[in-house]
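Structure below is coords11.txt: compact mmCIF, C-alpha atoms.
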# COMPACT_ATOMS: atom_id res chain seq x y z
CA ASP A 1411 -30.42 3.90 -12.39
CA ALA A 1412 -27.10 4.81 -13.94
CA LYS A 1413 -27.29 7.70 -16.39
CA THR A 1414 -24.29 6.61 -18.43
CA THR A 1415 -23.54 4.11 -21.18
CA GLN A 1416 -20.15 2.46 -21.51
CA PRO A 1417 -18.84 -0.42 -23.62
CA PRO A 1418 -18.70 -3.60 -21.54
CA SER A 1419 -15.08 -4.36 -22.34
CA MET A 1420 -11.97 -3.05 -24.08
CA ASP A 1421 -8.43 -4.21 -24.66
CA CYS A 1422 -5.33 -2.04 -24.77
CA ALA A 1423 -1.70 -2.87 -25.45
CA GLU A 1424 0.72 -2.10 -22.65
CA GLY A 1425 2.39 1.27 -23.13
CA ARG A 1426 -0.31 2.57 -25.44
CA ALA A 1427 -2.98 5.09 -24.57
CA ALA A 1428 -6.27 3.68 -23.36
CA ASN A 1429 -9.29 5.73 -24.41
CA LEU A 1430 -12.46 4.82 -22.55
CA PRO A 1431 -15.67 6.38 -23.88
CA CYS A 1432 -18.81 7.25 -21.96
CA ASN A 1433 -22.16 8.54 -23.13
CA HIS A 1434 -24.24 10.69 -20.79
CA SER A 1435 -26.72 12.30 -23.14
CA THR A 1436 -29.18 13.27 -20.38
CA ILE A 1437 -26.63 15.08 -18.21
CA SER A 1438 -27.92 18.30 -16.70
CA GLY A 1439 -26.08 21.55 -16.20
CA ASN A 1440 -25.35 20.96 -12.53
CA GLU A 1441 -24.00 17.45 -12.91
CA TYR A 1442 -20.34 16.53 -12.97
CA VAL A 1443 -18.73 13.56 -14.69
CA TYR A 1444 -16.74 11.32 -12.35
CA TRP A 1445 -14.53 8.37 -13.18
CA TYR A 1446 -13.68 5.59 -10.76
CA ARG A 1447 -11.99 2.25 -11.26
CA GLN A 1448 -12.09 -1.02 -9.38
CA ILE A 1449 -9.18 -3.40 -9.48
CA HIS A 1450 -10.27 -6.96 -8.81
CA SER A 1451 -12.66 -6.65 -5.84
CA GLN A 1452 -10.72 -3.86 -4.18
CA GLY A 1453 -12.54 -0.72 -3.15
CA PRO A 1454 -13.30 1.61 -6.05
CA GLN A 1455 -10.62 4.23 -6.59
CA TYR A 1456 -11.29 7.81 -7.61
CA ILE A 1457 -9.60 8.85 -10.85
CA ILE A 1458 -10.83 12.24 -12.00
CA HIS A 1459 -13.90 14.43 -12.39
CA GLY A 1460 -14.96 17.41 -14.49
CA LEU A 1461 -17.83 19.70 -15.39
CA LYS A 1462 -17.22 21.01 -18.91
CA ASN A 1463 -13.55 21.74 -19.28
CA ASN A 1464 -10.96 19.09 -19.98
CA GLU A 1465 -9.14 17.95 -16.87
CA THR A 1466 -5.80 16.26 -16.27
CA ASN A 1467 -4.16 14.84 -13.20
CA GLU A 1468 -1.35 12.43 -12.47
CA MET A 1469 -3.51 9.44 -13.31
CA ALA A 1470 -5.50 10.40 -16.38
CA SER A 1471 -7.06 13.02 -18.62
CA LEU A 1472 -10.77 13.64 -19.02
CA ILE A 1473 -12.08 15.03 -22.29
CA ILE A 1474 -15.69 16.26 -22.24
CA THR A 1475 -17.43 17.18 -25.49
CA GLU A 1476 -18.71 20.70 -25.90
CA ASP A 1477 -22.34 19.60 -25.62
CA ARG A 1478 -21.38 17.54 -22.55
CA LYS A 1479 -23.24 14.51 -23.86
CA SER A 1480 -20.16 12.31 -23.84
CA SER A 1481 -16.66 12.09 -22.44
CA THR A 1482 -13.48 10.09 -22.79
CA LEU A 1483 -11.09 9.00 -20.07
CA ILE A 1484 -7.54 8.72 -21.32
CA LEU A 1485 -4.83 6.71 -19.60
CA PRO A 1486 -1.79 7.97 -21.52
CA HIS A 1487 0.52 4.97 -21.07
CA ALA A 1488 -1.44 1.97 -19.88
CA THR A 1489 0.32 -0.61 -17.73
CA LEU A 1490 -0.75 -4.07 -16.63
CA ARG A 1491 -1.73 -2.56 -13.27
CA ASP A 1492 -4.37 -0.47 -15.04
CA THR A 1493 -6.40 -3.60 -15.76
CA ALA A 1494 -9.67 -2.89 -13.96
CA VAL A 1495 -13.33 -2.05 -14.34
CA TYR A 1496 -13.76 1.65 -15.09
CA TYR A 1497 -16.94 3.43 -14.10
CA CYS A 1498 -18.22 6.67 -15.55
CA ILE A 1499 -20.72 8.38 -13.22
CA VAL A 1500 -22.68 11.60 -13.37
CA ARG A 1501 -23.25 13.28 -10.05
CA LEU A 1502 -24.92 16.44 -8.83
CA TYR A 1503 -22.76 19.46 -8.10
CA SER A 1504 -23.32 19.30 -4.36
CA GLY A 1505 -20.87 16.46 -4.05
CA ASN A 1506 -22.89 15.11 -1.18
CA THR A 1507 -24.99 12.73 -3.21
CA PRO A 1508 -24.37 9.01 -3.60
CA LEU A 1509 -22.37 7.71 -6.51
CA VAL A 1510 -24.59 5.49 -8.66
CA PHE A 1511 -22.51 2.86 -10.42
CA GLY A 1512 -23.42 1.24 -13.70
CA LYS A 1513 -21.75 -1.82 -15.14
CA GLY A 1514 -18.62 0.01 -16.27
CA THR A 1515 -16.01 -1.00 -18.83
CA ARG A 1516 -13.68 -3.87 -18.12
CA LEU A 1517 -10.29 -2.74 -19.45
CA SER A 1518 -7.72 -5.42 -20.08
CA VAL A 1519 -4.18 -4.21 -20.64
CA ILE A 1520 -2.26 -6.79 -22.62
CA ALA A 1521 1.53 -7.24 -22.59
CA ASP B 514 -4.50 3.65 1.38
CA SER B 515 -7.74 5.64 1.07
CA GLY B 516 -7.93 6.43 4.79
CA VAL B 517 -11.29 4.65 5.13
CA THR B 518 -11.08 1.63 7.45
CA GLN B 519 -13.51 -1.26 7.37
CA THR B 520 -13.63 -4.14 9.81
CA PRO B 521 -13.69 -7.04 9.70
CA LYS B 522 -12.13 -7.85 6.33
CA HIS B 523 -13.77 -11.25 6.16
CA LEU B 524 -16.82 -12.66 7.90
CA ILE B 525 -18.38 -16.10 7.64
CA THR B 526 -21.69 -16.71 9.30
CA ALA B 527 -24.73 -18.95 9.10
CA THR B 528 -28.14 -18.22 7.66
CA GLY B 529 -30.48 -16.52 10.08
CA GLN B 530 -27.70 -14.84 12.00
CA ARG B 531 -27.00 -11.14 12.52
CA VAL B 532 -23.72 -9.33 11.86
CA THR B 533 -22.37 -5.82 12.23
CA LEU B 534 -19.93 -4.24 9.80
CA ARG B 535 -17.93 -1.23 10.91
CA CYS B 536 -16.58 1.73 8.97
CA SER B 537 -14.26 4.51 10.11
CA PRO B 538 -14.30 7.39 7.61
CA ARG B 539 -11.36 9.57 6.69
CA SER B 540 -10.54 12.23 9.23
CA GLY B 541 -12.82 15.22 8.67
CA ASP B 542 -15.27 13.44 6.38
CA LEU B 543 -18.89 13.87 7.44
CA SER B 544 -20.62 11.65 4.88
CA VAL B 545 -20.56 7.87 4.93
CA TYR B 546 -21.99 5.67 2.19
CA TRP B 547 -22.59 1.93 2.19
CA TYR B 548 -22.54 -0.23 -0.92
CA GLN B 549 -23.15 -3.89 -1.61
CA GLN B 550 -21.41 -5.73 -4.42
CA SER B 551 -22.51 -9.22 -5.31
CA LEU B 552 -21.41 -11.14 -8.37
CA ASP B 553 -24.56 -10.60 -10.37
CA GLN B 554 -25.62 -7.14 -9.18
CA GLY B 555 -22.60 -4.89 -9.41
CA LEU B 556 -22.11 -2.05 -6.93
CA GLN B 557 -25.44 -1.19 -5.34
CA PHE B 558 -25.88 1.89 -3.17
CA LEU B 559 -27.51 1.02 0.15
CA ILE B 560 -27.60 4.09 2.38
CA GLN B 561 -25.87 7.37 3.18
CA TYR B 562 -25.40 9.20 6.46
CA TYR B 563 -24.29 12.79 6.85
CA ASN B 564 -23.12 14.01 10.23
CA GLY B 565 -25.16 11.44 12.09
CA GLU B 566 -28.37 11.70 10.10
CA GLU B 567 -29.69 9.54 7.29
CA ARG B 568 -29.33 11.49 4.04
CA ALA B 569 -30.22 9.09 1.24
CA LYS B 570 -31.52 5.57 0.92
CA GLY B 571 -30.98 3.19 -1.94
CA ASN B 572 -31.75 -0.48 -2.39
CA ILE B 573 -31.44 -1.40 1.26
CA LEU B 574 -33.48 -4.32 2.55
CA GLU B 575 -35.63 -3.94 5.65
CA ARG B 576 -33.46 -6.59 7.32
CA PHE B 577 -30.52 -4.20 7.02
CA SER B 578 -30.01 -1.06 9.04
CA ALA B 579 -27.24 1.42 9.62
CA GLN B 580 -26.28 4.29 11.84
CA GLN B 581 -23.59 6.91 12.17
CA PHE B 582 -22.28 7.69 15.61
CA PRO B 583 -21.17 11.05 17.09
CA ASP B 584 -17.54 10.21 16.35
CA LEU B 585 -18.69 9.74 12.72
CA HIS B 586 -17.93 6.05 12.44
CA SER B 587 -20.73 4.00 10.98
CA GLU B 588 -22.10 0.51 11.39
CA LEU B 589 -24.16 -1.57 9.00
CA ASN B 590 -26.29 -4.20 10.68
CA LEU B 591 -27.46 -7.18 8.65
CA SER B 592 -30.00 -9.51 10.25
CA SER B 593 -31.84 -12.72 9.38
CA LEU B 594 -29.06 -13.40 6.92
CA GLU B 595 -29.76 -15.33 3.74
CA LEU B 596 -27.40 -17.02 1.32
CA GLY B 597 -28.05 -14.22 -1.14
CA ASP B 598 -26.61 -11.67 1.25
CA SER B 599 -23.15 -13.03 0.57
CA ALA B 600 -21.30 -10.14 -1.00
CA LEU B 601 -18.63 -7.52 -0.64
CA TYR B 602 -19.78 -4.57 1.44
CA PHE B 603 -17.99 -1.28 0.87
CA CYS B 604 -18.03 1.88 2.86
CA ALA B 605 -17.06 5.23 1.40
CA SER B 606 -16.68 8.67 2.89
CA SER B 607 -16.55 12.22 1.63
CA VAL B 608 -16.35 15.68 3.12
CA GLY B 609 -19.91 16.33 2.02
CA ALA B 610 -19.91 20.00 2.88
CA GLY B 611 -21.51 21.18 -0.32
CA SER B 612 -18.36 21.33 -2.39
CA VAL B 613 -17.50 19.08 -5.28
CA THR B 614 -15.52 16.34 -3.64
CA GLU B 615 -14.68 12.78 -4.40
CA ALA B 616 -15.67 9.84 -2.24
CA PHE B 617 -12.99 7.49 -0.94
CA PHE B 618 -13.71 3.80 -0.51
CA GLY B 619 -12.50 1.31 2.03
CA GLN B 620 -11.24 -2.12 1.09
CA GLY B 621 -14.51 -3.77 1.96
CA THR B 622 -15.84 -6.57 4.12
CA ARG B 623 -16.37 -9.89 2.40
CA LEU B 624 -19.43 -11.54 3.93
CA THR B 625 -20.07 -15.21 3.31
CA VAL B 626 -23.34 -16.67 4.52
CA VAL B 627 -23.37 -20.47 4.69

Please, can you express the file's structure as structure tokens?
Amino acid sequence: DAKTTQPPSMDCAEGRAANLPCNHSTISGNEYVYWYRQIHSQGPQYIIHGLKNNETNEMASLIITEDRKSSTLILPHATLRDTAVYYCIVRLYSGNTPLVFGKGTRLSVIA
Amino acid sequence: DSGVTQTPKHLITATGQRVTLRCSPRSGDLSVYWYQQSLDQGLQFLIQYYNGEERAKGNILERFSAQQFPDLHSELNLSSLELGDSALYFCASSVGAGSVTEAFFGQGTRLTVV
């Protein structure tokens, strides 16, 4: 079973920052937080991952709370092409374990 | 393009039949994962292979089986197909060498059982 809780849906205005929250209160010390998204029945796409420090790449930023019980994915300037289902996943350090997907958050970016 | 190739893209078959889905992982990736996504179930992990050996098993039916070949491509075999097996089937691959790595997904095979 998924170890994360996400809101089922969110809206965001085009050009604004999209902040997607995720609760993972039972995360253990050797588990990373991963974010993936799925655009309309395409294969899920990797976005970012982190352990305890905040991370940023060309797609997004990941903010993890100090107690690691929750995190926020930030898309700084959302576009219509960012409309997708976003999945927050916790995964063991080894990186060789399956990703277990929950229901995710359906983000709708509105013009 | 993730570098993971799945064939065929679409497949229509009748109940009771058997089909084989193929996955070619990214070059250098040793782990292959199979997922099923139906409308009402979300993305369900089926099975994982690492360097030719089964590594983890999820919600895979006994009618389904998979293998990973020496060249690291993988096949998912679905037999005695039922209407409820209609779904998108995704393959993903990762390096899987003990480091923290992301998994890359193919574009899926859409299976329709009629």

Expressed in Å, the length from atom CA of Tyr563 of chain B to atom CA of Pro521 of chain B is 22.7 Å

Tell me the residues of chain A close to chain B, meaning within 12 Å using all atoms listed in the file, as number ranges by chain. A: 1411-1412, 1440-1461, 1495, 1497, 1499, 1501-1514

Can you measure atom CA of Ala1428 of chain A to atom CA of Asp1477 of chain A for me? One decimal in Å is fine.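 Atom-to-atom, atom CA of Ala1428 of chain A and atom CA of Asp1477 of chain A are spaced 22.7 Å apart.
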
In terms of all atoms listed in the file, the residue from A:Lys1413, A:Pro1431, A:Met1420, A:Val1519 at minimal distance from Ala1488 of chain A is A:Val1519

Separating atom CA of Ile1484 of chain A from atom CA of Met1469 of chain A, to the nearest tenth of an Å, is a gap of 9.0 Å

Excluding same-chain residues fewer than 2 positions from Leu574 of chain B, what lies within 10 Å of it counting only C-alpha atoms, as a list in words?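 Answer for this query is Leu559, Gly571, Asn572, Arg576, Phe577, Ser578, Leu591 and Ser592 of chain B.
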
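Closest approach to Gln580 of chain B from the set B:Glu566, B:Asp514, B:Asp553, B:Asp598 is made by B:Glu566, with distances taken over all atoms listed in the file.
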
Spatial neighbours of Ser1480 of chain A, 8 Å, all atoms listed in the file, chain gap at least 5 places, as a PyMOL selection string: chain A and resi 1431-1435+1474-1475

Nearest to Leu534 of chain B by atom-to-atom distance, counting all atoms listed in the file, from B:Gln581, B:Ser593, B:Glu588, B:Asn564: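 Comparing B:Gln581, B:Ser593, B:Glu588, B:Asn564 against Leu534 of chain B, the winner is B:Glu588.
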
Pick the closest to Pro1417 of chain A from A:Thr1436, A:Val1500, A:Asn1463, A:Thr1482: which is it, counting only C-alpha atoms?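 Looking only at the distances to Pro1417 of chain A, the closest residue turns out to be A:Thr1482.
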
Nearest-residue call for Thr1415 of chain A, choices A:Asn1429, A:Ser1481, A:Asn1467, A:Ser1438, using only C-alpha atoms: A:Ser1481

Smallest atom-to-atom distance to Leu552 of chain B: which of B:Pro583, B:Gly565, B:Gly529, B:Gly597, using only C-alpha atoms?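 When distances to Leu552 of chain B are compared using only C-alpha atoms, the smallest one comes from B:Gly597.
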
Once you count all atoms listed in the file, which residues end up no further than 9 Å from (-28.2, -12.5, 11.7) in the file's frame, shown as a ChimeraX atom specification? /B:526-533,590-595

Could the residues in this selection be saved with C-alpha atoms as a PDB file, in the coordinates of the input?
ATOM      1  CA  THR B 526     -21.690 -16.710   9.300  1.00  0.00           C
ATOM      2  CA  ALA B 527     -24.730 -18.950   9.100  1.00  0.00           C
ATOM      3  CA  THR B 528     -28.140 -18.220   7.660  1.00  0.00           C
ATOM      4  CA  GLY B 529     -30.480 -16.520  10.080  1.00  0.00           C
ATOM      5  CA  GLN B 530     -27.700 -14.840  12.000  1.00  0.00           C
ATOM      6  CA  ARG B 531     -27.000 -11.140  12.520  1.00  0.00           C
ATOM      7  CA  VAL B 532     -23.720  -9.330  11.860  1.00  0.00           C
ATOM      8  CA  THR B 533     -22.370  -5.820  12.230  1.00  0.00           C
ATOM      9  CA  ASN B 590     -26.290  -4.200  10.680  1.00  0.00           C
ATOM     10  CA  LEU B 591     -27.460  -7.180   8.650  1.00  0.00           C
ATOM     11  CA  SER B 592     -30.000  -9.510  10.250  1.00  0.00           C
ATOM     12  CA  SER B 593     -31.840 -12.720   9.380  1.00  0.00           C
ATOM     13  CA  LEU B 594     -29.060 -13.400   6.920  1.00  0.00           C
ATOM     14  CA  GLU B 595     -29.760 -15.330   3.740  1.00  0.00           C
TER      15      GLU B 595
END

With N, CA, C and O atoms as the goal, would you fill in the gaps in segment 1420-1440 of chain A and present it as an mmCIF file, keeping the file's coordinate frame?
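Listing of selection27.cif after writing:
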data_model
loop_
_atom_site.group_PDB
_atom_site.id
_atom_site.type_symbol
_atom_site.label_atom_id
_atom_site.label_comp_id
_atom_site.auth_asym_id
_atom_site.auth_seq_id
_atom_site.Cartn_x
_atom_site.Cartn_y
_atom_site.Cartn_z
ATOM 1 N N MET A 1420 -12.945 -3.576 -23.119
ATOM 2 C CA MET A 1420 -11.970 -3.050 -24.080
ATOM 3 C C MET A 1420 -10.629 -3.670 -23.787
ATOM 4 O O MET A 1420 -10.338 -4.023 -22.633
ATOM 5 N N ASP A 1421 -9.818 -3.773 -24.827
ATOM 6 C CA ASP A 1421 -8.430 -4.210 -24.660
ATOM 7 C C ASP A 1421 -7.510 -3.066 -25.043
ATOM 8 O O ASP A 1421 -7.852 -2.224 -25.884
ATOM 9 N N CYS A 1422 -6.328 -3.062 -24.443
ATOM 10 C CA CYS A 1422 -5.330 -2.040 -24.770
ATOM 11 C C CYS A 1422 -3.952 -2.670 -24.621
ATOM 12 O O CYS A 1422 -3.704 -3.414 -23.650
ATOM 13 N N ALA A 1423 -3.068 -2.358 -25.550
ATOM 14 C CA ALA A 1423 -1.700 -2.870 -25.450
ATOM 15 C C ALA A 1423 -0.921 -2.067 -24.414
ATOM 16 O O ALA A 1423 -1.084 -0.837 -24.298
ATOM 17 N N GLU A 1424 -0.098 -2.758 -23.665
ATOM 18 C CA GLU A 1424 0.720 -2.100 -22.650
ATOM 19 C C GLU A 1424 1.578 -1.017 -23.281
ATOM 20 O O GLU A 1424 2.176 -1.222 -24.335
ATOM 21 N N GLY A 1425 1.611 0.152 -22.638
ATOM 22 C CA GLY A 1425 2.390 1.270 -23.130
ATOM 23 C C GLY A 1425 1.645 2.192 -24.067
ATOM 24 O O GLY A 1425 2.091 3.309 -24.324
ATOM 25 N N ARG A 1426 0.503 1.728 -24.569
ATOM 26 C CA ARG A 1426 -0.310 2.570 -25.440
ATOM 27 C C ARG A 1426 -1.338 3.335 -24.621
ATOM 28 O O ARG A 1426 -1.590 3.019 -23.466
ATOM 29 N N ALA A 1427 -1.930 4.341 -25.243
ATOM 30 C CA ALA A 1427 -2.980 5.090 -24.570
ATOM 31 C C ALA A 1427 -4.274 4.288 -24.574
ATOM 32 O O ALA A 1427 -4.637 3.699 -25.587
ATOM 33 N N ALA A 1428 -4.945 4.296 -23.454
ATOM 34 C CA ALA A 1428 -6.270 3.680 -23.360
ATOM 35 C C ALA A 1428 -7.302 4.789 -23.353
ATOM 36 O O ALA A 1428 -7.220 5.711 -22.534
ATOM 37 N N ASN A 1429 -8.236 4.714 -24.288
ATOM 38 C CA ASN A 1429 -9.290 5.730 -24.410
ATOM 39 C C ASN A 1429 -10.632 5.073 -24.096
ATOM 40 O O ASN A 1429 -11.121 4.263 -24.869
ATOM 41 N N LEU A 1430 -11.204 5.429 -22.974
ATOM 42 C CA LEU A 1430 -12.460 4.820 -22.550
ATOM 43 C C LEU A 1430 -13.597 5.804 -22.737
ATOM 44 O O LEU A 1430 -13.634 6.852 -22.093
ATOM 45 N N PRO A 1431 -14.571 5.457 -23.597
ATOM 46 C CA PRO A 1431 -15.670 6.380 -23.880
ATOM 47 C C PRO A 1431 -16.832 6.213 -22.911
ATOM 48 O O PRO A 1431 -17.015 5.141 -22.310
ATOM 49 N N CYS A 1432 -17.618 7.271 -22.802
ATOM 50 C CA CYS A 1432 -18.810 7.250 -21.960
ATOM 51 C C CYS A 1432 -19.851 8.194 -22.547
ATOM 52 O O CYS A 1432 -19.532 9.341 -22.872
ATOM 53 N N ASN A 1433 -21.054 7.699 -22.696
ATOM 54 C CA ASN A 1433 -22.160 8.540 -23.130
ATOM 55 C C ASN A 1433 -23.033 8.922 -21.954
ATOM 56 O O ASN A 1433 -23.403 8.054 -21.148
ATOM 57 N N HIS A 1434 -23.343 10.190 -21.854
ATOM 58 C CA HIS A 1434 -24.240 10.690 -20.790
ATOM 59 C C HIS A 1434 -25.114 11.768 -21.395
ATOM 60 O O HIS A 1434 -25.041 12.942 -21.009
ATOM 61 N N SER A 1435 -25.955 11.349 -22.321
ATOM 62 C CA SER A 1435 -26.720 12.300 -23.140
ATOM 63 C C SER A 1435 -27.764 13.073 -22.342
ATOM 64 O O SER A 1435 -28.237 14.113 -22.797
ATOM 65 N N THR A 1436 -28.155 12.576 -21.161
ATOM 66 C CA THR A 1436 -29.180 13.270 -20.380
ATOM 67 C C THR A 1436 -28.581 14.090 -19.238
ATOM 68 O O THR A 1436 -29.304 14.516 -18.343
ATOM 69 N N ILE A 1437 -27.296 14.334 -19.285
ATOM 70 C CA ILE A 1437 -26.630 15.080 -18.210
ATOM 71 C C ILE A 1437 -27.222 16.481 -18.108
ATOM 72 O O ILE A 1437 -27.527 17.127 -19.116
ATOM 73 N N SER A 1438 -27.385 16.951 -16.895
ATOM 74 C CA SER A 1438 -27.920 18.300 -16.700
ATOM 75 C C SER A 1438 -26.787 19.255 -16.339
ATOM 76 O O SER A 1438 -25.668 18.832 -16.034
ATOM 77 N N GLY A 1439 -27.116 20.545 -16.352
ATOM 78 C CA GLY A 1439 -26.080 21.550 -16.200
ATOM 79 C C GLY A 1439 -25.349 21.520 -14.873
ATOM 80 O O GLY A 1439 -24.212 21.989 -14.784
ATOM 81 N N ASN A 1440 -25.978 20.974 -13.855
ATOM 82 C CA ASN A 1440 -25.350 20.960 -12.530
ATOM 83 C C ASN A 1440 -24.802 19.585 -12.163
ATOM 84 O O ASN A 1440 -24.618 19.279 -10.987
#
